[in-house]
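Visitor: Got a structure for you, written out below as structure tokens; questions coming shortly.
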Amino acid sequence: MSSAQYHVDVQVAAELEDASAGDVREAALAVLRHQNVQAPAELSILLTDSESVRQLNRTYRERDEATDVLSFPSGEMMPGAEHYLGDVAIAIPVARAQAARSGHELQAELALLTIHGILHLLGYDHAIPDEKEQMWQVQEEVLSQLGLHVIPTEE
């Protein structure tokens, strides 16, 4: 499946210029291909600050805290949006801190969070141990395809 069959809209908050939209898009395309997502498919990824993610978390999950990544599956399809998978929001400051603690580059952490967020859009979850193991395995496989080795931060 070619990347042209997927549309990944990556938006980067102006103050976060060190976040590479190209690397994030590459990770998104890799997980879509790995999971054989039927094309065409679309999604958006927002790379933003911790406060914006905290507000989203408070509004939609009733948790008043910043987190690394949030996923918003599209739910019911609207006419004209049949192929829209949903939205992912990543807090760059949280990602930067996790990368520093784990000893890898920010771009590797962003790849992990992108993959993680998209897997949630595709129905993966990690609330149950067996499902978590499966999700972590897929993350590892996609990261490996990208030439990255990143250990997920435990929640």
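Residues in the structure tokens are named by chain (A, B, ... in the order shown) and by number from 1 within that chain; ligands are numbered from 1 in the order shown.
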At most 8 Å is the cut-off: for each residue in region 81-115 of chain A with any atom that close to an atom of region 53-68 of chain A, write down the nearest atom pair and the distance in Å rounded to one decimal, counting only C-alpha atoms, chain first then increasing number, as JSON lines.
Guide:
{"residue": "A:Ala89", "atom": "CA", "partner": "A:Val53", "partner_atom": "CA", "distance": 6.8}
{"residue": "A:Ile90", "atom": "CA", "partner": "A:Asp68", "partner_atom": "CA", "distance": 5.7}
{"residue": "A:Ala91", "atom": "CA", "partner": "A:Asp68", "partner_atom": "CA", "distance": 5.2}
{"residue": "A:Ile92", "atom": "CA", "partner": "A:Asp68", "partner_atom": "CA", "distance": 7.6}
{"residue": "A:Val94", "atom": "CA", "partner": "A:Asp68", "partner_atom": "CA", "distance": 5.4}
{"residue": "A:Ala95", "atom": "CA", "partner": "A:Asp68", "partner_atom": "CA", "distance": 5.9}
{"residue": "A:Leu113", "atom": "CA", "partner": "A:Asp68", "partner_atom": "CA", "distance": 7.4}
Visitor: Residues of the last selection are to be written out with all heavy atoms, as a short mmCIF file (atom, residue, chain, number, x, y, z; two decimals), in the first residue's frame.
Guide:
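Wrote it out as out.cif, contents follow:
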data_model
loop_
_atom_site.label_atom_id
_atom_site.label_comp_id
_atom_site.auth_asym_id
_atom_site.auth_seq_id
_atom_site.Cartn_x
_atom_site.Cartn_y
_atom_site.Cartn_z
N ALA A 89 -3.36 13.94 19.89
CA ALA A 89 -2.70 15.13 20.44
C ALA A 89 -1.52 14.67 21.29
O ALA A 89 -1.67 13.79 22.14
CB ALA A 89 -3.68 15.96 21.28
N ILE A 90 -0.36 15.27 21.04
CA ILE A 90 0.86 14.91 21.77
C ILE A 90 1.41 16.16 22.45
O ILE A 90 1.58 17.20 21.81
CB ILE A 90 1.91 14.31 20.82
CG1 ILE A 90 1.38 13.03 20.18
CG2 ILE A 90 3.23 14.06 21.57
CD1 ILE A 90 2.28 12.44 19.10
N ALA A 91 1.70 16.05 23.74
CA ALA A 91 2.29 17.15 24.50
C ALA A 91 3.81 17.07 24.37
O ALA A 91 4.45 16.17 24.94
CB ALA A 91 1.88 17.07 25.97
N ILE A 92 4.38 18.00 23.62
CA ILE A 92 5.82 17.99 23.36
C ILE A 92 6.64 18.10 24.66
O ILE A 92 7.60 17.36 24.83
CB ILE A 92 6.22 19.10 22.36
CG1 ILE A 92 5.54 18.86 21.02
CG2 ILE A 92 7.73 19.18 22.20
CD1 ILE A 92 5.92 17.57 20.34
N VAL A 94 5.97 17.03 27.65
CA VAL A 94 5.91 15.74 28.33
C VAL A 94 6.77 14.73 27.56
O VAL A 94 7.54 13.97 28.16
CB VAL A 94 4.46 15.24 28.47
CG1 VAL A 94 4.42 13.86 29.10
CG2 VAL A 94 3.62 16.23 29.29
N ALA A 95 6.65 14.74 26.24
CA ALA A 95 7.47 13.83 25.41
C ALA A 95 8.95 14.11 25.61
O ALA A 95 9.76 13.18 25.72
CB ALA A 95 7.09 13.99 23.94
N LEU A 113 4.99 7.81 20.61
CA LEU A 113 3.69 8.38 20.99
C LEU A 113 2.75 8.45 19.80
O LEU A 113 1.54 8.24 19.94
CB LEU A 113 3.88 9.75 21.63
CG LEU A 113 4.66 9.73 22.95
CD1 LEU A 113 4.88 11.16 23.46
CD2 LEU A 113 3.96 8.87 23.99
#
Visitor: Please give the complete set of residues from region 52-108 of chain A that DSSP, run on the backbone, assigns to strand (DSSP E), formatted as a list in words.
Guide: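 Output for region 52-108 of chain A, strand (DSSP E) only: Val69, Leu70, Ser71, Phe72, Pro73, Tyr84, Leu85, Gly86, Asp87, Val88, Ala89, Ile90 and Ala91 of chain A.
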Visitor: Please provide as a ChimeraX atom specification all residues within 8 Å of Glu109 (chain A), with the sequence filter that same-chain residues fewer than 6 positions apart are discarded (counting only C-alpha atoms).
Guide: /A:95-96,98-99,150
Visitor: Next, dump the selected residues to file, keeping only N, CA, C and O atoms, as a PDB file, in the first residue's frame.
Guide:
ATOM      1  N   ALA A  95       6.652  14.736  26.237  1.00  0.00           N
ATOM      2  CA  ALA A  95       7.465  13.834  25.411  1.00  0.00           C
ATOM      3  C   ALA A  95       8.950  14.112  25.611  1.00  0.00           C
ATOM      4  O   ALA A  95       9.756  13.177  25.718  1.00  0.00           O
ATOM      5  N   ARG A  96       9.319  15.382  25.662  1.00  0.00           N
ATOM      6  CA  ARG A  96      10.726  15.767  25.851  1.00  0.00           C
ATOM      7  C   ARG A  96      11.250  15.241  27.188  1.00  0.00           C
ATOM      8  O   ARG A  96      12.346  14.687  27.267  1.00  0.00           O
ATOM      9  N   GLN A  98      10.038  12.683  28.984  1.00  0.00           N
ATOM     10  CA  GLN A  98      10.094  11.222  28.941  1.00  0.00           C
ATOM     11  C   GLN A  98      11.307  10.747  28.156  1.00  0.00           C
ATOM     12  O   GLN A  98      11.966   9.785  28.545  1.00  0.00           O
ATOM     13  N   ALA A  99      11.616  11.420  27.057  1.00  0.00           N
ATOM     14  CA  ALA A  99      12.795  11.050  26.262  1.00  0.00           C
ATOM     15  C   ALA A  99      14.062  11.225  27.086  1.00  0.00           C
ATOM     16  O   ALA A  99      14.942  10.354  27.079  1.00  0.00           O
ATOM     17  N   VAL A 150      12.808   2.019  21.401  1.00  0.00           N
ATOM     18  CA  VAL A 150      12.288   2.887  22.458  1.00  0.00           C
ATOM     19  C   VAL A 150      11.477   2.028  23.408  1.00  0.00           C
ATOM     20  O   VAL A 150      10.613   1.276  22.972  1.00  0.00           O
TER      21      VAL A 150
END
Visitor: Using DSSP assignments from the backbone, pull out every residue in region 49-153 of chain A that falls under alpha helix (DSSP H) and give it to me as a ChimeraX atom specification.
Guide: /A:50-61,92-102,106-121,129-145
Visitor: Generate the output file for the selected residues, C-alpha atoms, as a JSON list (two decimals), in the first residue's frame.
Guide:
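again06.json was written with the following content:
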[["chain", "number", "residue", "atom", "x", "y", "z"],
["A", 50, "SER", "CA", 1.25, 20.53, 27.99],
["A", 51, "GLU", "CA", -1.49, 23.00, 28.91],
["A", 52, "SER", "CA", -3.43, 22.30, 25.71],
["A", 53, "VAL", "CA", -3.26, 18.56, 26.31],
["A", 54, "ARG", "CA", -4.23, 19.09, 29.96],
["A", 55, "GLN", "CA", -7.34, 21.00, 28.84],
["A", 56, "LEU", "CA", -8.27, 18.26, 26.36],
["A", 57, "ASN", "CA", -7.71, 15.61, 29.06],
["A", 58, "ARG", "CA", -9.89, 17.55, 31.52],
["A", 59, "THR", "CA", -12.68, 18.15, 28.98],
["A", 60, "TYR", "CA", -12.86, 14.68, 27.45],
["A", 61, "ARG", "CA", -11.51, 12.34, 30.13],
["A", 92, "ILE", "CA", 5.82, 17.99, 23.36],
["A", 93, "PRO", "CA", 7.09, 19.04, 26.84],
["A", 94, "VAL", "CA", 5.91, 15.74, 28.33],
["A", 95, "ALA", "CA", 7.47, 13.83, 25.41],
["A", 96, "ARG", "CA", 10.73, 15.77, 25.85],
["A", 97, "ALA", "CA", 10.86, 14.90, 29.59],
["A", 98, "GLN", "CA", 10.09, 11.22, 28.94],
["A", 99, "ALA", "CA", 12.79, 11.05, 26.26],
["A", 100, "ALA", "CA", 15.33, 12.58, 28.64],
["A", 101, "ARG", "CA", 14.40, 10.13, 31.44],
["A", 102, "SER", "CA", 14.61, 7.19, 29.04],
["A", 106, "LEU", "CA", 12.84, 13.49, 21.30],
["A", 107, "GLN", "CA", 12.12, 12.26, 17.76],
["A", 108, "ALA", "CA", 12.17, 8.63, 18.95],
["A", 109, "GLU", "CA", 9.73, 9.46, 21.74],
["A", 110, "LEU", "CA", 7.48, 11.30, 19.27],
["A", 111, "ALA", "CA", 7.52, 8.24, 17.01],
["A", 112, "LEU", "CA", 6.49, 6.02, 19.92],
["A", 113, "LEU", "CA", 3.69, 8.38, 20.99],
["A", 114, "THR", "CA", 2.47, 8.73, 17.40],
["A", 115, "ILE", "CA", 2.31, 4.96, 16.98],
["A", 116, "HIS", "CA", 0.68, 4.55, 20.39],
["A", 117, "GLY", "CA", -1.94, 7.19, 19.66],
["A", 118, "ILE", "CA", -2.81, 5.76, 16.26],
["A", 119, "LEU", "CA", -3.10, 2.25, 17.67],
["A", 120, "HIS", "CA", -5.75, 3.63, 20.03],
["A", 121, "LEU", "CA", -7.56, 5.08, 16.98],
["A", 129, "PRO", "CA", -2.70, -7.13, 30.44],
["A", 130, "ASP", "CA", -3.13, -9.36, 27.34],
["A", 131, "GLU", "CA", -4.21, -6.40, 25.23],
["A", 132, "LYS", "CA", -1.33, -4.32, 26.57],
["A", 133, "GLU", "CA", 1.15, -7.02, 25.61],
["A", 134, "GLN", "CA", -0.26, -7.13, 22.09],
["A", 135, "MET", "CA", -0.22, -3.32, 21.77],
["A", 136, "TRP", "CA", 3.36, -3.07, 23.04],
["A", 137, "GLN", "CA", 4.42, -5.80, 20.59],
["A", 138, "VAL", "CA", 2.95, -3.88, 17.65],
["A", 139, "GLN", "CA", 4.62, -0.67, 18.84],
["A", 140, "GLU", "CA", 7.96, -2.46, 19.03],
["A", 141, "GLU", "CA", 7.54, -3.93, 15.54],
["A", 142, "VAL", "CA", 6.75, -0.55, 13.96],
["A", 143, "LEU", "CA", 9.56, 1.19, 15.84],
["A", 144, "SER", "CA", 11.93, -1.52, 14.66],
["A", 145, "GLN", "CA", 10.83, -0.94, 11.06]]
Visitor: Select, from A:Gly86, A:Gly103, A:Gly147, A:Gly123, the residue with the minimum atom-to-atom distance to Ala41 (chain A), counting only C-alpha atoms.
Guide: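 Of the candidates, the smallest distance to Ala41 (chain A) is held by A:Gly86.
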